[in-house]
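Engineer: Below is the file work.cif, which contains mmCIF, C-alpha atoms.
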data_coords
loop_
_atom_site.label_atom_id
_atom_site.label_comp_id
_atom_site.auth_asym_id
_atom_site.auth_seq_id
_atom_site.Cartn_x
_atom_site.Cartn_y
_atom_site.Cartn_z
CA MET C 24 152.21 10.15 60.53
CA LYS C 25 148.93 8.25 60.25
CA TYR C 26 145.80 9.88 61.58
CA ALA C 27 145.33 6.98 64.01
CA ASP C 28 148.57 7.98 65.73
CA PHE C 29 147.69 11.65 66.09
CA PRO C 30 147.14 12.71 69.74
CA LYS C 31 143.40 13.20 70.20
CA ALA C 32 143.95 15.48 73.19
CA VAL C 33 145.36 18.07 70.78
CA ILE C 34 142.19 17.97 68.70
CA ARG C 35 139.99 18.43 71.77
CA GLU C 36 142.12 21.33 73.00
CA ASN C 37 141.76 23.03 69.63
CA VAL C 38 137.99 22.62 69.70
CA ASP C 39 137.98 24.43 73.06
CA TYR C 40 140.31 27.06 71.63
CA THR C 41 138.02 27.53 68.62
CA VAL C 42 134.90 28.08 70.72
CA LYS C 43 136.74 30.65 72.86
CA GLU C 44 138.21 32.43 69.85
CA ILE C 45 134.91 32.60 67.93
CA THR C 46 133.20 34.04 71.00
CA ASN C 47 136.04 36.54 71.41
CA ILE C 48 135.97 37.66 67.77
CA ILE C 49 132.22 38.22 67.73
CA LYS C 50 132.32 40.22 70.95
CA ARG C 51 135.51 42.13 70.17
CA TYR C 52 135.29 42.98 66.48
CA GLY C 53 131.57 43.25 65.84
CA PRO C 54 129.77 42.94 62.47
CA ARG C 55 132.04 41.57 59.74
CA GLU C 56 130.54 42.85 56.52
CA SER C 57 132.48 41.76 53.45
CA GLY C 58 135.36 44.14 52.89
CA ASN C 59 134.98 46.16 56.09
CA GLU C 60 137.54 46.99 58.77
CA ASN C 61 136.13 44.41 61.18
CA CYS C 62 136.94 41.63 58.70
CA TYR C 63 140.44 42.96 58.29
CA ALA C 64 140.83 43.29 62.08
CA THR C 65 139.74 39.67 62.47
CA GLN C 66 142.33 38.55 59.94
CA LYS C 67 145.06 40.59 61.67
CA HIS C 68 144.03 39.02 64.98
CA ILE C 69 144.45 35.58 63.42
CA LYS C 70 147.79 36.59 61.89
CA LYS C 71 149.27 37.33 65.33
CA GLU C 72 148.45 33.80 66.45
CA MET C 73 149.67 32.14 63.26
CA ASP C 74 152.95 34.06 63.15
CA ILE C 75 154.02 31.73 65.98
CA PHE C 76 153.82 28.49 64.00
CA ALA C 77 153.77 29.50 60.32
CA ASP C 78 156.87 30.12 58.21
CA GLU C 79 155.23 32.93 56.28
CA THR C 80 152.09 35.04 56.71
CA GLY C 81 150.70 37.90 54.68
CA PHE C 82 147.78 39.66 53.02
CA GLU C 83 146.63 40.18 49.48
CA SER C 84 144.17 42.98 48.77
CA TYR C 85 141.56 43.36 46.05
CA LYS C 86 138.60 45.60 45.27
CA ILE C 87 135.15 44.52 46.37
CA ALA C 88 131.64 45.97 46.13
CA PRO C 89 129.99 44.38 49.20
CA LYS C 90 126.36 45.06 48.25
CA ALA C 91 126.62 44.32 44.52
CA PHE C 92 125.94 40.60 44.87
CA LEU C 93 122.58 40.65 46.66
CA HIS C 94 121.33 44.22 46.34
CA PHE C 95 119.64 43.18 43.10
CA THR C 96 116.85 41.84 45.33
CA LYS C 97 115.88 45.45 46.04
CA THR C 98 116.68 46.93 42.63
CA VAL C 99 114.90 44.26 40.62
CA SER C 100 111.84 44.05 42.88
CA LEU C 101 111.44 47.84 42.99
CA CYS C 102 111.72 48.19 39.22
CA ILE C 103 109.09 45.51 38.59
CA ILE C 104 106.77 46.98 41.23
CA LEU C 105 107.05 50.46 39.70
CA ALA C 106 106.61 49.11 36.17
CA VAL C 107 103.34 47.38 37.08
CA VAL C 108 101.88 50.07 39.34
CA VAL C 109 102.79 53.07 37.16
CA CYS C 110 101.62 51.38 33.96
CA LEU C 111 98.33 50.37 35.57
CA ALA C 112 97.75 53.91 36.84
CA LEU C 113 98.56 55.45 33.43
CA THR C 114 96.25 52.95 31.72
CA PHE C 115 93.31 54.01 33.89
CA LEU C 116 94.19 57.64 33.10
CA ASN C 117 93.87 56.74 29.39
CA VAL C 118 97.47 57.74 28.71
CA PHE C 119 98.03 54.66 26.54
CA ASP C 120 94.83 55.00 24.49
CA GLY C 121 95.69 54.81 20.83
CA VAL C 122 99.22 53.58 21.53
CA GLY C 123 99.73 50.13 20.06
CA LYS C 124 97.04 47.53 19.42
CA ASN C 125 95.16 48.11 22.69
CA SER C 126 95.40 50.06 25.96
CA PHE C 127 97.45 47.32 27.63
CA PHE C 128 99.81 46.76 24.70
CA LEU C 129 102.61 49.14 25.76
CA PRO C 130 102.22 48.34 29.51
CA GLN C 131 102.67 44.64 28.72
CA ILE C 132 105.86 45.44 26.79
CA ILE C 133 107.19 47.52 29.70
CA VAL C 134 106.41 44.88 32.34
CA GLY C 135 107.72 42.09 30.09
CA ALA C 136 110.98 43.96 29.63
CA ALA C 137 111.27 44.72 33.38
CA THR C 138 110.75 41.08 34.37
CA ALA C 139 113.12 39.83 31.64
CA ILE C 140 115.90 42.17 32.79
CA GLY C 141 115.22 41.26 36.43
CA LEU C 142 115.46 37.55 35.69
CA LEU C 143 118.65 38.09 33.68
CA ILE C 144 120.29 39.93 36.58
CA THR C 145 119.16 37.23 39.02
CA VAL C 146 120.57 34.44 36.89
CA PHE C 147 123.96 36.10 36.40
CA GLU C 148 124.32 37.25 40.00
CA PHE C 149 122.65 34.55 42.09
CA LEU C 150 123.06 31.43 39.95
CA PHE C 151 126.38 32.06 38.18
CA TYR C 152 127.95 34.47 40.73
CA LYS C 153 129.15 36.78 37.95
CA LYS C 154 130.31 40.33 38.70
CA PHE C 155 127.26 41.56 36.81
CA CYS C 156 126.35 44.55 38.97
CA ASP C 157 129.68 45.42 40.59
CA ALA C 158 130.36 48.40 38.32
CA PHE C 159 127.32 50.20 39.73
CA TYR C 160 128.26 49.93 43.42
CA LYS C 161 130.77 51.60 45.69
CA LYS C 162 133.93 49.56 46.12
CA THR C 163 136.16 49.08 49.12
CA GLU C 164 139.36 47.12 49.79
CA GLY C 165 139.01 43.49 50.77
CA HIS C 166 141.79 41.23 51.99
CA ASN C 167 142.75 37.58 51.83
CA PHE C 168 145.05 36.36 54.60
CA TYR C 169 147.41 33.44 54.12
CA ALA C 170 149.85 31.49 56.26
CA LYS C 171 152.34 28.96 54.89
CA ARG C 172 154.17 26.13 56.63
CA LYS C 173 156.98 24.40 54.77
CA PRO C 174 157.62 20.64 54.84
CA VAL C 175 160.88 19.14 56.06
CA GLY C 176 161.70 17.84 52.60
CA GLU C 177 161.29 18.98 49.01
CA ILE C 178 157.93 20.59 48.21
CA LYS C 179 156.16 18.12 45.95
CA ARG C 180 152.60 18.97 46.93
CA ARG C 181 150.56 21.88 48.25
CA PHE C 182 147.50 21.55 50.48
CA VAL C 183 145.36 24.66 50.88
CA ILE C 184 142.69 24.78 53.55
CA SER C 185 140.38 27.74 53.37
CA GLY C 186 137.59 29.37 55.36
CA HIS C 187 135.95 32.78 55.00
CA CYS C 188 135.68 35.20 57.91
CA ASP C 189 133.07 37.64 56.56
CA ALA C 190 129.45 37.34 57.65
CA ALA C 191 126.20 37.75 55.77
CA TYR C 192 123.54 40.42 55.71
CA GLU C 193 120.53 39.23 57.67
CA TRP C 194 117.89 37.35 55.71
CA ARG C 195 114.53 38.22 57.24
CA ASN C 196 112.77 35.37 55.46
CA ILE C 197 114.81 32.78 57.37
CA LEU C 198 114.66 34.73 60.63
CA TYR C 199 110.87 34.88 60.61
CA PHE C 200 109.73 31.96 58.45
CA LYS C 201 112.47 29.36 59.17
CA GLY C 202 111.42 26.20 57.29
CA ALA C 203 109.30 28.13 54.81
CA ALA C 204 112.07 30.64 54.10
CA GLY C 205 112.68 29.39 50.58
CA ILE C 206 109.25 30.64 49.59
CA ALA C 207 110.42 34.26 49.95
CA PHE C 208 112.90 33.67 47.10
CA ALA C 209 111.01 31.05 45.12
CA LEU C 210 107.71 32.93 44.79
CA PRO C 211 109.20 36.13 43.33
CA ALA C 212 111.19 34.11 40.80
CA ILE C 213 108.15 32.02 39.82
CA PHE C 214 105.85 35.02 39.49
CA ALA C 215 108.47 36.97 37.53
CA VAL C 216 108.71 34.12 35.03
CA LEU C 217 104.92 33.85 34.82
CA SER C 218 104.58 37.62 34.38
CA PHE C 219 107.07 37.55 31.52
CA ILE C 220 105.11 34.70 29.88
CA VAL C 221 101.77 36.50 30.37
CA ALA C 222 103.22 39.73 28.94
CA LEU C 223 104.70 37.90 25.95
CA LEU C 224 101.48 35.99 25.21
CA SER C 225 99.43 39.17 25.55
CA ILE C 226 101.63 40.92 23.01
CA ILE C 227 101.39 37.95 20.63
CA ALA C 228 97.61 37.83 21.12
CA SER C 229 97.43 41.41 19.89
CA TYR C 230 98.65 40.19 16.47
CA VAL C 231 97.55 36.55 16.33
CA ASN C 232 94.03 35.26 16.76
CA MET C 233 94.15 33.08 19.87
CA GLY C 234 90.40 32.88 20.34
CA GLU C 235 88.77 33.58 23.67
CA PHE C 236 92.03 32.91 25.49
CA GLY C 237 93.70 35.69 23.53
CA VAL C 238 90.84 38.10 24.22
CA PHE C 239 91.06 37.27 27.93
CA LEU C 240 94.81 37.93 27.92
CA ILE C 241 94.41 41.28 26.20
CA ASP C 242 91.61 42.48 28.50
CA TYR C 243 92.58 40.96 31.85
CA GLY C 244 96.09 39.51 31.58
CA PHE C 245 97.73 42.65 32.98
CA TYR C 246 95.99 42.19 36.31
CA PHE C 247 97.98 39.01 36.90
CA HIS C 248 101.01 41.23 37.41
CA GLY C 249 99.37 42.41 40.63
CA LEU C 250 100.27 39.04 42.15
CA THR C 251 103.83 39.52 40.98
CA VAL C 252 103.88 42.89 42.76
CA LEU C 253 102.96 41.16 46.04
CA ALA C 254 105.73 38.60 45.51
CA MET C 255 108.19 41.41 44.75
CA VAL C 256 107.27 43.21 47.97
CA LEU C 257 108.23 40.00 49.78
CA LEU C 258 111.56 39.95 47.91
CA PHE C 259 112.21 43.65 48.57
CA PHE C 260 112.09 43.13 52.33
CA SER C 261 113.77 39.70 52.41
CA ILE C 262 117.31 40.97 53.13
CA ASP C 263 118.24 43.58 55.73
CA PHE C 264 121.36 45.32 54.45
CA LYS C 265 121.74 47.28 57.69
CA SER C 266 122.19 44.17 59.83
CA ILE C 267 125.20 41.85 59.70
CA VAL C 268 124.78 38.47 61.39
CA PRO C 269 127.34 37.17 63.95
CA GLY C 270 128.46 34.39 61.58
CA ALA C 271 129.64 32.03 64.31
CA ASN C 272 129.00 28.85 62.36
CA ASP C 273 128.98 30.44 58.91
CA ASN C 274 131.83 30.72 58.78
CA LEU C 275 134.09 31.24 61.77
CA THR C 276 133.99 27.47 62.25
CA GLY C 277 135.50 27.07 58.78
CA THR C 278 137.95 29.88 59.50
CA TYR C 279 139.24 28.07 62.57
CA ALA C 280 139.31 24.73 60.80
CA ALA C 281 141.97 26.35 58.63
CA VAL C 282 143.76 28.02 61.55
CA CYS C 283 143.72 24.92 63.74
CA ALA C 284 144.86 22.58 60.98
CA MET C 285 148.26 24.22 61.17
CA ARG C 286 148.04 24.84 64.91
CA MET C 287 147.28 21.18 65.69
CA LEU C 288 150.19 19.92 63.62
CA ASP C 289 152.48 22.35 65.41
CA MET C 290 151.21 21.42 68.87
CA ALA C 291 151.66 17.71 68.14
CA GLY C 292 155.15 18.28 66.75
CA VAL C 293 154.17 16.85 63.37
CA GLU C 294 156.12 18.01 60.33
CA LEU C 295 154.78 17.23 56.87
CA GLU C 296 157.29 15.47 54.62
CA ASN C 297 156.71 16.94 51.18
CA THR C 298 153.55 19.05 51.46
CA GLU C 299 153.45 22.81 51.82
CA LEU C 300 150.45 23.63 54.02
CA VAL C 301 148.64 26.86 53.24
CA CYS C 302 146.00 28.27 55.58
CA MET C 303 143.85 30.85 53.81
CA ILE C 304 141.21 33.12 55.38
CA THR C 305 139.23 34.77 52.62
CA ASP C 306 136.95 37.78 52.74
CA GLY C 307 134.04 38.40 50.39
CA GLU C 308 132.47 34.93 50.23
CA GLU C 309 129.14 36.41 51.31
CA ALA C 310 129.53 39.05 48.58
CA GLY C 311 129.60 36.48 45.78
CA LEU C 312 132.85 34.54 46.40
CA ARG C 313 134.82 37.69 45.58
CA GLY C 314 137.82 36.87 47.80
CA SER C 315 138.35 33.37 46.46
CA LYS C 316 137.81 34.61 42.90
CA ALA C 317 140.51 37.23 43.44
CA TRP C 318 142.91 34.65 44.92
CA ILE C 319 142.60 32.11 42.12
CA GLU C 320 142.91 34.84 39.48
CA THR C 321 146.21 35.91 41.05
CA HIS C 322 147.53 32.39 41.69
CA HIS C 323 146.04 30.58 38.70
CA ASP C 324 149.32 29.48 37.14
CA GLU C 325 150.81 28.49 40.49
CA TYR C 326 147.77 26.37 41.41
CA THR C 327 147.17 24.76 38.01
CA ASP C 328 150.55 24.34 36.29
CA GLY C 329 151.00 20.78 37.61
CA GLU C 330 154.58 21.24 38.79
CA ILE C 331 153.41 21.15 42.42
CA GLU C 332 150.25 19.13 42.92
CA THR C 333 147.78 21.47 44.62
CA ALA C 334 144.47 20.72 46.32
CA VAL C 335 142.14 23.23 47.96
CA LEU C 336 139.78 22.17 50.75
CA CYS C 337 137.20 24.83 51.63
CA VAL C 338 135.47 24.35 54.96
CA ASP C 339 132.17 26.17 55.36
CA THR C 340 129.98 25.77 58.46
CA LEU C 341 130.57 22.93 60.93
CA CYS C 342 127.37 22.63 62.94
CA ASP C 343 124.87 20.00 61.77
CA LEU C 344 126.38 16.52 61.98
CA ASP C 345 123.40 14.90 60.29
CA ASP C 346 124.30 16.90 57.18
CA PHE C 347 128.07 16.43 57.34
CA CYS C 348 129.22 15.84 53.75
CA VAL C 349 131.53 16.71 50.89
CA TYR C 350 130.02 18.84 48.14
CA ASN C 351 131.35 17.57 44.84
CA LYS C 352 128.76 19.67 42.99
CA ASP C 353 128.62 23.32 43.95
CA MET C 354 126.93 26.62 43.08
CA THR C 355 123.39 25.19 43.10
CA GLY C 356 124.74 22.15 41.24
CA LEU C 357 126.10 24.19 38.30
CA VAL C 358 129.81 23.78 39.14
CA ARG C 359 131.61 20.45 39.53
CA ASN C 360 134.26 20.35 42.22
CA SER C 361 137.04 17.80 41.75
CA LYS C 362 135.50 14.34 41.80
CA GLU C 363 138.84 12.73 42.66
CA PHE C 364 139.61 15.09 45.54
CA SER C 365 136.02 14.95 46.85
CA GLN C 366 136.25 11.16 47.00
CA PHE C 367 139.68 11.44 48.61
CA VAL C 368 138.26 13.58 51.45
CA SER C 369 135.35 11.17 51.81
CA ASP C 370 137.72 8.19 52.06
CA CYS C 371 139.86 10.02 54.61
CA SER C 372 136.80 10.70 56.75
CA ALA C 373 136.42 6.94 57.21
CA GLU C 374 139.89 6.89 58.81
CA THR C 375 138.49 8.93 61.72
CA GLY C 376 136.15 6.13 62.81
CA ARG C 377 132.96 7.31 61.13
CA GLU C 378 131.34 6.24 57.90
CA ALA C 379 132.78 7.78 54.76
CA LEU C 380 131.11 11.12 54.13
CA LYS C 381 128.60 11.21 51.29
CA LEU C 382 129.27 13.22 48.17
CA LYS C 383 126.41 15.63 47.63
CA THR C 384 125.21 18.55 45.55
CA LEU C 385 125.00 21.95 47.21
CA PRO C 386 121.35 22.70 46.40
CA PHE C 387 121.31 26.42 47.15
CA GLY C 388 124.10 29.00 46.98
CA ALA C 389 127.81 28.30 46.65
CA SER C 390 131.03 27.82 48.58
CA ASP C 391 134.48 29.26 47.89
CA ALA C 392 135.37 25.87 46.42
CA ALA C 393 133.21 26.71 43.40
CA ALA C 394 135.36 29.75 42.63
CA PHE C 395 138.55 27.68 42.86
CA SER C 396 137.05 24.96 40.68
CA GLN C 397 135.91 27.50 38.09
CA GLY C 398 139.44 28.89 38.11
CA GLY C 399 140.86 25.48 37.22
CA ALA C 400 142.13 24.40 40.64
CA VAL C 401 141.53 21.00 42.25
CA ALA C 402 139.05 21.89 45.00
CA THR C 403 136.11 20.68 47.05
CA ALA C 404 133.97 21.76 50.00
CA LEU C 405 133.57 20.17 53.44
CA CYS C 406 130.38 21.30 55.15
CA ALA C 407 128.01 20.36 57.95
CA MET C 408 124.89 22.49 57.58
CA ASP C 409 121.25 21.67 57.07
CA PRO C 410 120.66 22.72 53.43
CA LYS C 411 116.93 23.43 53.88
CA PRO C 412 118.47 25.87 55.07
CA ALA C 413 119.30 25.73 58.79
CA ASP C 414 117.25 28.02 61.02
CA TYR C 415 120.40 29.98 61.95
CA TYR C 416 121.53 30.47 58.35
CA HIS C 417 122.19 34.15 57.57
CA ASN C 418 120.39 35.51 60.60
CA ARG C 419 121.07 36.60 64.18
CA ARG C 420 120.64 33.06 65.54
CA ASP C 421 124.07 32.18 64.10
CA ASN C 422 125.82 33.24 67.30
CA PHE C 423 128.38 31.62 69.57
CA ASP C 424 125.64 30.02 71.67
CA ARG C 425 124.76 27.86 68.64
CA LEU C 426 128.23 26.36 68.23
CA ASN C 427 128.31 22.56 68.18
CA ARG C 428 131.55 21.19 69.66
CA ASP C 429 130.92 17.69 68.31
CA ALA C 430 130.52 19.00 64.76
CA ILE C 431 133.61 21.19 65.06
CA GLN C 432 135.64 18.24 66.32
CA ALA C 433 134.36 15.99 63.54
CA GLY C 434 135.37 18.61 60.98
CA PHE C 435 138.84 18.99 62.50
CA GLU C 436 139.33 15.21 62.47
CA VAL C 437 138.45 14.93 58.78
CA VAL C 438 140.71 17.87 57.94
CA LEU C 439 143.65 16.32 59.79
CA SER C 440 143.09 12.89 58.29
CA THR C 441 142.98 14.40 54.81
CA ILE C 442 146.16 16.46 55.27
CA LEU C 443 148.15 13.51 56.64
CA ALA C 444 146.97 11.16 53.89
CA TYR C 445 147.65 13.77 51.21
CA ASP C 446 151.20 14.20 52.50
CA GLU C 447 151.88 10.51 51.92
CA ASN C 448 151.24 10.23 48.20
CA GLY C 449 149.00 13.10 47.17
CA LEU C 450 145.71 12.13 45.58
CA ASN C 451 147.20 8.84 44.39
CA LYS C 452 147.28 7.44 47.91
CA GLN C 453 146.20 3.98 46.78
#
Spit out the file's structure as structure tokens when you get a sec.
Structural biologist:
Amino acid sequence: MKYADFPKAVIRENVDYTVKEITNIIKRYGPRESGNENCYATQKHIKKEMDIFADETGFESYKIAPKAFLHFTKTVSLCIILAVVVCLALTFLNVFDGVGKNSFFLPQIIVGAATAIGLLITVFEFLFYKKFCDAFYKKTEGHNFYAKRKPVGEIKRRFVISGHCDAAYEWRNILYFKGAAGIAFALPAIFAVLSFIVALLSIIASYVNMGEFGVFLIDYGFYFHGLTVLAMVLLFFSIDFKSIVPGANDNLTGTYAAVCAMRMLDMAGVELENTELVCMITDGEEAGLRGSKAWIETHHDEYTDGEIETAVLCVDTLCDLDDFCVYNKDMTGLVRNSKEFSQFVSDCSAETGREALKLKTLPFGASDAAAFSQGGAVATALCAMDPKPADYYHNRRDNFDRLNRDAIQAGFEVVLSTILAYDENGLNKQ
């Protein structure tokens, strides 16, 4: 079937269904921290619905440390604050007199080391999404839910549509500062880098004659770290680990894009010819893409061996139509999603009556598509969220009263168009 022939009343009914279901889940199951029972209960709720029109449903479990991904914001900031404050206090108590080249020599080494380690942790955790700190945090059991629908003919292709059902810890910087929220993360990083440079230059100046500049660094350079302390206080309080946001848009809209993709085909009586459709609801995206990482590790050979062409479309947040796009570059631009598949989704969006979606770089953070792409799968991300970020991003404003029916419908239309076109000839539709 062509998208143009698909009954639009079915799409509209599923948008209504999605709004009702998202409202129900938020009210019924409560905060969905990565890996907690509320996430699992949400997935089991979805399973009951999908058992009706899927050929197979099930769960895969994995171990997850929910706080390991972002708790570095507290650990790193606290360590740097203590390093600066304690060293400054001990310096004034003459504890470091006679140690090293000058009284600030050892304190500069300590602060330089603290900022270097802090920056290293930040880079591995927040830029590369590595499991850098997981070993130090309590683990729980997370789950990925899947539903499969077989085609009427031989399985030649596989289309996976994915959304995550876990919600984020509340980011106070966005809640209170909105448009200026990025400062709460940018300033600590900038001052940490500058503190490391100041510490390094001060140590060098203790051995190398750098003139008046070197003398200034030795005598007064340490006081610059006081500004870094203020920036670290801002970082320490930026995330509230006791509050989980509702996550209506991010990402129950993506969750139901996956659910309704299969539901809409079933309601319209459409059977795919040669494409196995897989609906996947991951957990752990907000904990560093842990669910999608676990899935692609388990299914790597199946998704990359080439025997069955496989494409993974991750939908994450359908709210802001002005920012509706396909992210062909992910994880703050460090990971390339499939260029071919990204363009394919963009071309299919034009079949829905709108302009082809632009291919963009996700400027901050990452989607589950990045984990699939890193694992070798053909994947991309479909999103509609203001990347500044949006004022509801990771805070209590992301509730069911902020759902945008038009954006949800637009996302569903692109998803359907992509699935139907993919079933024709795979990515070689031309």
Engineer: Using the chain letters and numbering of this document, enumerate as an MDAnalysis selection string the residues selected by the PyMOL selection byres ((chain C and resi 134-138) around 8).
Structural biologist: chainID C and resid 102:103 106:107 130:133 139:142 215:216 218:220 222:223
Engineer: Can you work out the spacing between atom CA of C:Phe29 and atom CA of C:His187 in Å, to one decimal?
Structural biologist: 26.6 Å
Engineer: How far is it from atom CA of C:Asp370 to atom CA of C:Asn451, in Å with one decimal?
Structural biologist: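 Straight-line distance from atom CA of C:Asp370 to atom CA of C:Asn451 works out to 12.2 Å.
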Engineer: What is the atom CA of C:Leu450-atom CA of C:Glu363 distance in Å, reported with one decimal?
Structural biologist: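 According to the coordinates, atom CA of C:Leu450 and atom CA of C:Glu363 are separated by 7.5 Å.
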Engineer: Return the single residue from C:Ala433, C:Ala170, C:Ala393, C:Met24 that is closest to C:Leu357, with distances computed using all atoms listed in the file.
Structural biologist: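 Closest to C:Leu357, using all atoms listed in the file: C:Ala393.
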Engineer: Selected by the PyMOL selection byres ((chain C and resi 207) around 9) in the shown coordinates: which residues, as a list in words?
Structural biologist: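 When the PyMOL selection byres ((chain C and resi 207) around 9) is applied, the selected residues are Asn196, Ile197, Phe200, Ala203, Ala204, Gly205, Ile206, Phe208, Ala209, Leu210, Pro211, Ala254, Leu257, Leu258 and Ser261 of chain C.
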Engineer: Since the input is missing atoms for stretch 403-421 of chain C, could you rebuild it with N, CA and C atoms and give the result as a compact mmCIF listing (two decimals), keeping the file's coordinate frame?
Structural biologist:
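The result, stored in part_2.txt:
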# COMPACT_ATOMS: atom_id res chain seq x y z
N THR C 403 137.41 21.19 46.61
CA THR C 403 136.11 20.68 47.05
C THR C 403 135.74 21.35 48.35
N ALA C 404 134.50 21.09 48.81
CA ALA C 404 133.97 21.76 50.00
C ALA C 404 133.55 20.73 51.05
N LEU C 405 133.96 20.99 52.29
CA LEU C 405 133.57 20.17 53.44
C LEU C 405 132.61 21.00 54.28
N CYS C 406 131.41 20.51 54.46
CA CYS C 406 130.38 21.30 55.15
C CYS C 406 129.53 20.41 56.06
N ALA C 407 128.95 21.05 57.07
CA ALA C 407 128.01 20.36 57.95
C ALA C 407 126.91 21.35 58.32
N MET C 408 126.00 21.56 57.37
CA MET C 408 124.89 22.49 57.58
C MET C 408 123.64 21.97 56.91
N ASP C 409 122.54 22.05 57.62
CA ASP C 409 121.25 21.67 57.07
C ASP C 409 120.97 22.54 55.84
N PRO C 410 120.82 21.93 54.64
CA PRO C 410 120.66 22.72 53.43
C PRO C 410 119.24 23.23 53.18
N LYS C 411 118.33 23.06 54.15
CA LYS C 411 116.93 23.43 53.88
C LYS C 411 116.64 24.91 53.67
N PRO C 412 117.22 25.88 54.31
CA PRO C 412 118.47 25.87 55.07
C PRO C 412 118.25 25.76 56.58
N ALA C 413 119.36 25.79 57.34
CA ALA C 413 119.30 25.73 58.79
C ALA C 413 118.62 26.99 59.33
N ASP C 414 118.00 26.88 60.48
CA ASP C 414 117.25 28.02 61.02
C ASP C 414 118.16 29.18 61.44
N TYR C 415 119.46 28.92 61.59
CA TYR C 415 120.40 29.98 61.95
C TYR C 415 121.08 30.60 60.73
N TYR C 416 120.83 30.04 59.55
CA TYR C 416 121.53 30.47 58.35
C TYR C 416 121.24 31.93 58.03
N HIS C 417 122.28 32.74 57.95
CA HIS C 417 122.19 34.15 57.57
C HIS C 417 121.21 34.95 58.41
N ASN C 418 121.18 34.66 59.71
CA ASN C 418 120.39 35.51 60.60
C ASN C 418 121.02 35.51 61.99
N ARG C 419 120.46 36.32 62.87
CA ARG C 419 121.07 36.60 64.18
C ARG C 419 121.20 35.37 65.07
N ARG C 420 120.51 34.28 64.73
CA ARG C 420 120.64 33.06 65.54
C ARG C 420 122.00 32.39 65.36
N ASP C 421 122.75 32.79 64.33
CA ASP C 421 124.07 32.18 64.10
C ASP C 421 125.10 32.85 65.01
